[in-house]
Amino acid sequence: MGLLNLPAIEASLRRVQQGFESINQQLTGQRDPMSDEVVENLLAGYAYIDILIEWDIDIFAKGKHKYLLELNNIVLCGPDQELRAEFAQHIKATYDRFYEEPGGGIEDMVEWRANYLSESVWKLAAGLYVRALSKPQLFIEGNHRTGALLASYVLLKAGKPPFVLTVENAVAYFDPSTVIRNIDKLGPMALFRLPGIKRRFARFLEDQANPDYLTAPDPHAISGPPRSINVSPQAPFFQPDPGP
């Protein structure tokens, strides 16, 4: 059994989807509607981080960064291999950016995390979200959604509930995120603005922690090999492996 209550997460995302027109009117910057594809890909992403935690995979460890890249692939394309074939050029461009972007790729994320491991898990999750979203962004597209999943991965790894978008927290999530994506993490203003934004976003994440998004532990569960890693009828491009 996984750690995440995926039906509860889906119910929350569906409520946001249904009320998105009203939510959008309250935002300082308008966003595209939440389509069924967006919701389904997000759910596949949550299922994937659930499996990463179950397999005890550290996506920041050397040789494991591909699993963070896979989260972005899932957010944008889902696990459907035929659809990924259609977007092969974009996936390749994202791969190059992820590994090679000066000051904005995975190397920057790993270095930042190493410097702030002593902070609370809320600040660590918030800081990684801010780092991924601020310019230069970690991915070409889908940084908001992948960043939310990344924060959820960090929280779940520490035994905390994931961050899940709700009707009640949507405006408080989207508006600061719009500000974050317009800040250059390498510029002089970042030294003054990003620490405060990180603290506020950490408090926001902590305030949104909802144990309903976690499954109750089963006292009768029998330990055994991890469950299937499929998040749909077709497996993700990168599958978790139990090796080093």
# chains A, B, ... in the order shown; residues from 1 in each chain; ligands from 1

$ select_by_dssp --residues "stretch 113-206 of chain A" --states "helix (DSSP H, G or I)" --output "number ranges by chain"
A: 113-115, 121-133, 143-157, 170-181, 190-206

$ closest_atom_pairs --of "stretch 130-152 of chain A" --to "stretch 187-208 of chain A" --cutoff "9 Å" --atoms "only C-alpha atoms" --output "CSV"
residue,atom,partner,partner_atom,distance
A:Val130,CA,A:Lys198,CA,6.7
A:Arg131,CA,A:Leu194,CA,8.9
A:Ala151,CA,A:Leu205,CA,8.9

$ closest_residue --among "A:Gln137, A:Thr94, A:Ser118, A:Gln30" --to "A:Asp175" --atoms "only C-alpha atoms"
A:Gln30

$ residues_around --residues "stretch 211-216 of chain A" --least-positions-apart "2" --cutoff "6 Å" --atoms "only C-alpha atoms" --output "ChimeraX atom specification"
/A:3-5,8,161

$ write_last_selection --atoms "N, CA and C atoms" --output "PDB file, in the first residue's frame"
ATOM      1  N   LEU A   3       1.680   5.445   0.357  1.00  0.00           N
ATOM      2  CA  LEU A   3       1.486   6.415   1.436  1.00  0.00           C
ATOM      3  C   LEU A   3       0.408   7.434   1.127  1.00  0.00           C
ATOM      4  N   LEU A   4       0.142   7.678  -0.149  1.00  0.00           N
ATOM      5  CA  LEU A   4      -0.776   8.743  -0.536  1.00  0.00           C
ATOM      6  C   LEU A   4      -2.196   8.234  -0.721  1.00  0.00           C
ATOM      7  N   ASN A   5      -3.137   9.056  -0.262  1.00  0.00           N
ATOM      8  CA  ASN A   5      -4.553   8.787  -0.489  1.00  0.00           C
ATOM      9  C   ASN A   5      -4.923   9.432  -1.820  1.00  0.00           C
ATOM     10  N   ALA A   8      -8.478  10.926  -2.454  1.00  0.00           N
ATOM     11  CA  ALA A   8      -8.701  12.212  -1.792  1.00  0.00           C
ATOM     12  C   ALA A   8      -8.004  13.336  -2.552  1.00  0.00           C
ATOM     13  N   PRO A 161       2.374  15.297   5.178  1.00  0.00           N
ATOM     14  CA  PRO A 161       1.428  15.204   4.059  1.00  0.00           C
ATOM     15  C   PRO A 161       1.927  15.987   2.855  1.00  0.00           C
TER      16      PRO A 161
END

$ atom_distance --atom1 "atom CA of A:Trp122" --atom2 "atom CA of A:Arg15"
25.3 Å

$ residues_around --residues "A:Leu52" --least-positions-apart "3" --cutoff "9 Å" --atoms "only C-alpha atoms" --output "PyMOL selection string"
chain A and resi 47-49+55-59+67+153+229+240

$ write_last_selection --atoms "N, CA and C atoms" --output "CSV table (one decimal), in the first residue's frame"
chain,number,residue,atom,x,y,z
A,47,ALA,N,1.2,9.7,-8.0
A,47,ALA,CA,1.4,8.2,-7.9
A,47,ALA,C,2.9,7.9,-8.0
A,48,TYR,N,3.6,8.6,-8.9
A,48,TYR,CA,5.0,8.4,-9.1
A,48,TYR,C,5.8,8.7,-7.9
A,49,ILE,N,5.6,9.9,-7.2
A,49,ILE,CA,6.4,10.2,-6.0
A,49,ILE,C,6.1,9.3,-4.9
A,55,TRP,N,10.2,3.1,-2.7
A,55,TRP,CA,11.4,2.5,-3.1
A,55,TRP,C,12.6,3.1,-2.5
A,56,ASP,N,12.4,4.2,-1.7
A,56,ASP,CA,13.5,4.9,-1.0
A,56,ASP,C,14.5,5.5,-2.0
A,57,ILE,N,14.0,6.1,-3.0
A,57,ILE,CA,14.9,6.7,-4.1
A,57,ILE,C,15.1,8.2,-3.8
A,58,ASP,N,16.3,8.6,-3.6
A,58,ASP,CA,16.7,10.0,-3.4
A,58,ASP,C,17.0,10.6,-4.7
A,59,ILE,N,16.0,11.4,-5.2
A,59,ILE,CA,16.1,12.0,-6.5
A,59,ILE,C,17.2,13.0,-6.6
A,67,TYR,N,14.9,10.8,-12.1
A,67,TYR,CA,13.6,10.6,-11.6
A,67,TYR,C,12.9,12.0,-11.4
A,153,TYR,N,7.2,15.6,-2.7
A,153,TYR,CA,8.1,14.5,-2.5
A,153,TYR,C,9.0,14.8,-1.2
A,229,ILE,N,5.3,-0.4,-10.5
A,229,ILE,CA,5.6,1.0,-10.6
A,229,ILE,C,4.7,1.7,-11.7
A,240,PRO,N,11.6,3.5,-11.5
A,240,PRO,CA,12.4,3.3,-10.3
A,240,PRO,C,13.1,2.0,-10.3

$ atom_distance --atom1 "atom CA of A:Ala93" --atom2 "atom CA of A:Leu124"
27.8 Å

$ atom_distance --atom1 "atom CA of A:Ile74" --atom2 "atom CA of A:Phe163"
17.4 Å

$ residues_around --residues "A:Cys77" --least-positions-apart "3" --cutoff "12 Å" --atoms "only C-alpha atoms" --output "ChimeraX atom specification"
/A:37-42,44-45,70-74,80-88,90-91,141-142,236-237

$ residues_around --residues "A:Val121" --least-positions-apart "5" --cutoff "9 Å" --atoms "only C-alpha atoms" --output "PyMOL selection string"
chain A and resi 126+154-155+158+160+202

$ closest_residue --among "A:Leu165, A:Tyr129, A:Asn210, A:Gly103" --to "A:Leu186" --atoms "only C-alpha atoms"
A:Gly103

$ residues_around --residues "A:Leu43" --least-positions-apart "6" --cutoff "10 Å" --atoms "only C-alpha atoms" --output "JSON, numbers by chain"
{"A": [6, 7, 9, 10, 13, 37, 74, 75, 78, 149, 231]}

$ decode --residues "stretch 123-156 of chain A" --atoms "N, CA and C atoms" --output "PDB file, in the first residue's frame"
ATOM      1  N   LYS A 123      10.740  24.590   5.158  1.00  0.00           N
ATOM      2  CA  LYS A 123      11.610  25.556   4.481  1.00  0.00           C
ATOM      3  C   LYS A 123      12.385  24.902   3.340  1.00  0.00           C
ATOM      4  N   LEU A 124      12.772  23.644   3.533  1.00  0.00           N
ATOM      5  CA  LEU A 124      13.500  22.944   2.481  1.00  0.00           C
ATOM      6  C   LEU A 124      12.605  22.741   1.264  1.00  0.00           C
ATOM      7  N   ALA A 125      11.376  22.285   1.491  1.00  0.00           N
ATOM      8  CA  ALA A 125      10.432  22.084   0.389  1.00  0.00           C
ATOM      9  C   ALA A 125      10.107  23.404  -0.295  1.00  0.00           C
ATOM     10  N   ALA A 126       9.894  24.451   0.503  1.00  0.00           N
ATOM     11  CA  ALA A 126       9.586  25.764  -0.061  1.00  0.00           C
ATOM     12  C   ALA A 126      10.763  26.306  -0.856  1.00  0.00           C
ATOM     13  N   GLY A 127      11.971  26.147  -0.315  1.00  0.00           N
ATOM     14  CA  GLY A 127      13.154  26.655  -0.998  1.00  0.00           C
ATOM     15  C   GLY A 127      13.401  25.968  -2.319  1.00  0.00           C
ATOM     16  N   LEU A 128      13.186  24.669  -2.376  1.00  0.00           N
ATOM     17  CA  LEU A 128      13.375  23.941  -3.627  1.00  0.00           C
ATOM     18  C   LEU A 128      12.316  24.341  -4.648  1.00  0.00           C
ATOM     19  N   TYR A 129      11.104  24.585  -4.174  1.00  0.00           N
ATOM     20  CA  TYR A 129      10.050  25.061  -5.075  1.00  0.00           C
ATOM     21  C   TYR A 129      10.432  26.425  -5.661  1.00  0.00           C
ATOM     22  N   VAL A 130      10.866  27.330  -4.790  1.00  0.00           N
ATOM     23  CA  VAL A 130      11.267  28.669  -5.227  1.00  0.00           C
ATOM     24  C   VAL A 130      12.453  28.587  -6.174  1.00  0.00           C
ATOM     25  N   ARG A 131      13.387  27.713  -5.870  1.00  0.00           N
ATOM     26  CA  ARG A 131      14.582  27.579  -6.708  1.00  0.00           C
ATOM     27  C   ARG A 131      14.228  27.063  -8.097  1.00  0.00           C
ATOM     28  N   ALA A 132      13.282  26.117  -8.156  1.00  0.00           N
ATOM     29  CA  ALA A 132      12.871  25.553  -9.444  1.00  0.00           C
ATOM     30  C   ALA A 132      12.098  26.555 -10.284  1.00  0.00           C
ATOM     31  N   LEU A 133      11.326  27.414  -9.609  1.00  0.00           N
ATOM     32  CA  LEU A 133      10.400  28.294 -10.327  1.00  0.00           C
ATOM     33  C   LEU A 133      11.029  29.621 -10.743  1.00  0.00           C
ATOM     34  N   SER A 134      11.981  30.118  -9.954  1.00  0.00           N
ATOM     35  CA  SER A 134      12.590  31.407 -10.278  1.00  0.00           C
ATOM     36  C   SER A 134      13.512  31.271 -11.491  1.00  0.00           C
ATOM     37  N   LYS A 135      13.773  32.399 -12.141  1.00  0.00           N
ATOM     38  CA  LYS A 135      14.575  32.387 -13.375  1.00  0.00           C
ATOM     39  C   LYS A 135      16.068  32.188 -13.078  1.00  0.00           C
ATOM     40  N   PRO A 136      16.775  31.412 -13.890  1.00  0.00           N
ATOM     41  CA  PRO A 136      16.273  30.541 -14.960  1.00  0.00           C
ATOM     42  C   PRO A 136      15.583  29.311 -14.388  1.00  0.00           C
ATOM     43  N   GLN A 137      14.407  29.007 -14.911  1.00  0.00           N
ATOM     44  CA  GLN A 137      13.606  27.925 -14.369  1.00  0.00           C
ATOM     45  C   GLN A 137      14.233  26.560 -14.655  1.00  0.00           C
ATOM     46  N   LEU A 138      13.860  25.596 -13.829  1.00  0.00           N
ATOM     47  CA  LEU A 138      14.447  24.264 -13.949  1.00  0.00           C
ATOM     48  C   LEU A 138      14.028  23.570 -15.241  1.00  0.00           C
ATOM     49  N   PHE A 139      12.771  23.782 -15.642  1.00  0.00           N
ATOM     50  CA  PHE A 139      12.245  23.129 -16.840  1.00  0.00           C
ATOM     51  C   PHE A 139      11.737  24.168 -17.840  1.00  0.00           C
ATOM     52  N   ILE A 140      11.552  23.748 -19.063  1.00  0.00           N
ATOM     53  CA  ILE A 140      11.035  24.652 -20.085  1.00  0.00           C
ATOM     54  C   ILE A 140       9.575  24.982 -19.814  1.00  0.00           C
ATOM     55  N   GLU A 141       8.796  23.967 -19.457  1.00  0.00           N
ATOM     56  CA  GLU A 141       7.378  24.140 -19.144  1.00  0.00           C
ATOM     57  C   GLU A 141       7.023  23.288 -17.935  1.00  0.00           C
ATOM     58  N   GLY A 142       5.880  23.625 -17.321  1.00  0.00           N
ATOM     59  CA  GLY A 142       5.362  22.800 -16.234  1.00  0.00           C
ATOM     60  C   GLY A 142       6.079  22.963 -14.912  1.00  0.00           C
ATOM     61  N   ASN A 143       6.732  24.117 -14.693  1.00  0.00           N
ATOM     62  CA  ASN A 143       7.484  24.296 -13.453  1.00  0.00           C
ATOM     63  C   ASN A 143       6.591  24.400 -12.224  1.00  0.00           C
ATOM     64  N   HIS A 144       5.407  25.033 -12.347  1.00  0.00           N
ATOM     65  CA  HIS A 144       4.497  25.128 -11.206  1.00  0.00           C
ATOM     66  C   HIS A 144       4.072  23.748 -10.739  1.00  0.00           C
ATOM     67  N   ARG A 145       3.590  22.944 -11.681  1.00  0.00           N
ATOM     68  CA  ARG A 145       3.077  21.619 -11.324  1.00  0.00           C
ATOM     69  C   ARG A 145       4.191  20.686 -10.863  1.00  0.00           C
ATOM     70  N   THR A 146       5.311  20.700 -11.581  1.00  0.00           N
ATOM     71  CA  THR A 146       6.417  19.842 -11.171  1.00  0.00           C
ATOM     72  C   THR A 146       6.981  20.311  -9.832  1.00  0.00           C
ATOM     73  N   GLY A 147       7.029  21.626  -9.629  1.00  0.00           N
ATOM     74  CA  GLY A 147       7.508  22.156  -8.358  1.00  0.00           C
ATOM     75  C   GLY A 147       6.635  21.741  -7.188  1.00  0.00           C
ATOM     76  N   ALA A 148       5.311  21.730  -7.398  1.00  0.00           N
ATOM     77  CA  ALA A 148       4.396  21.281  -6.342  1.00  0.00           C
ATOM     78  C   ALA A 148       4.624  19.815  -6.019  1.00  0.00           C
ATOM     79  N   LEU A 149       4.881  18.999  -7.050  1.00  0.00           N
ATOM     80  CA  LEU A 149       5.167  17.588  -6.832  1.00  0.00           C
ATOM     81  C   LEU A 149       6.519  17.402  -6.139  1.00  0.00           C
ATOM     82  N   LEU A 150       7.491  18.219  -6.520  1.00  0.00           N
ATOM     83  CA  LEU A 150       8.803  18.169  -5.878  1.00  0.00           C
ATOM     84  C   LEU A 150       8.685  18.488  -4.391  1.00  0.00           C
ATOM     85  N   ALA A 151       7.940  19.556  -4.063  1.00  0.00           N
ATOM     86  CA  ALA A 151       7.722  19.910  -2.659  1.00  0.00           C
ATOM     87  C   ALA A 151       7.019  18.770  -1.930  1.00  0.00           C
ATOM     88  N   SER A 152       6.059  18.144  -2.602  1.00  0.00           N
ATOM     89  CA  SER A 152       5.332  17.024  -1.993  1.00  0.00           C
ATOM     90  C   SER A 152       6.253  15.843  -1.737  1.00  0.00           C
ATOM     91  N   TYR A 153       7.158  15.587  -2.662  1.00  0.00           N
ATOM     92  CA  TYR A 153       8.140  14.511  -2.493  1.00  0.00           C
ATOM     93  C   TYR A 153       8.993  14.759  -1.241  1.00  0.00           C
ATOM     94  N   VAL A 154       9.484  15.991  -1.102  1.00  0.00           N
ATOM     95  CA  VAL A 154      10.329  16.335   0.044  1.00  0.00           C
ATOM     96  C   VAL A 154       9.544  16.179   1.350  1.00  0.00           C
ATOM     97  N   LEU A 155       8.302  16.647   1.357  1.00  0.00           N
ATOM     98  CA  LEU A 155       7.479  16.547   2.559  1.00  0.00           C
ATOM     99  C   LEU A 155       7.155  15.089   2.884  1.00  0.00           C
ATOM    100  N   LEU A 156       6.776  14.344   1.874  1.00  0.00           N
ATOM    101  CA  LEU A 156       6.409  12.941   2.084  1.00  0.00           C
ATOM    102  C   LEU A 156       7.599  12.132   2.589  1.00  0.00           C
TER     103      LEU A 156
END
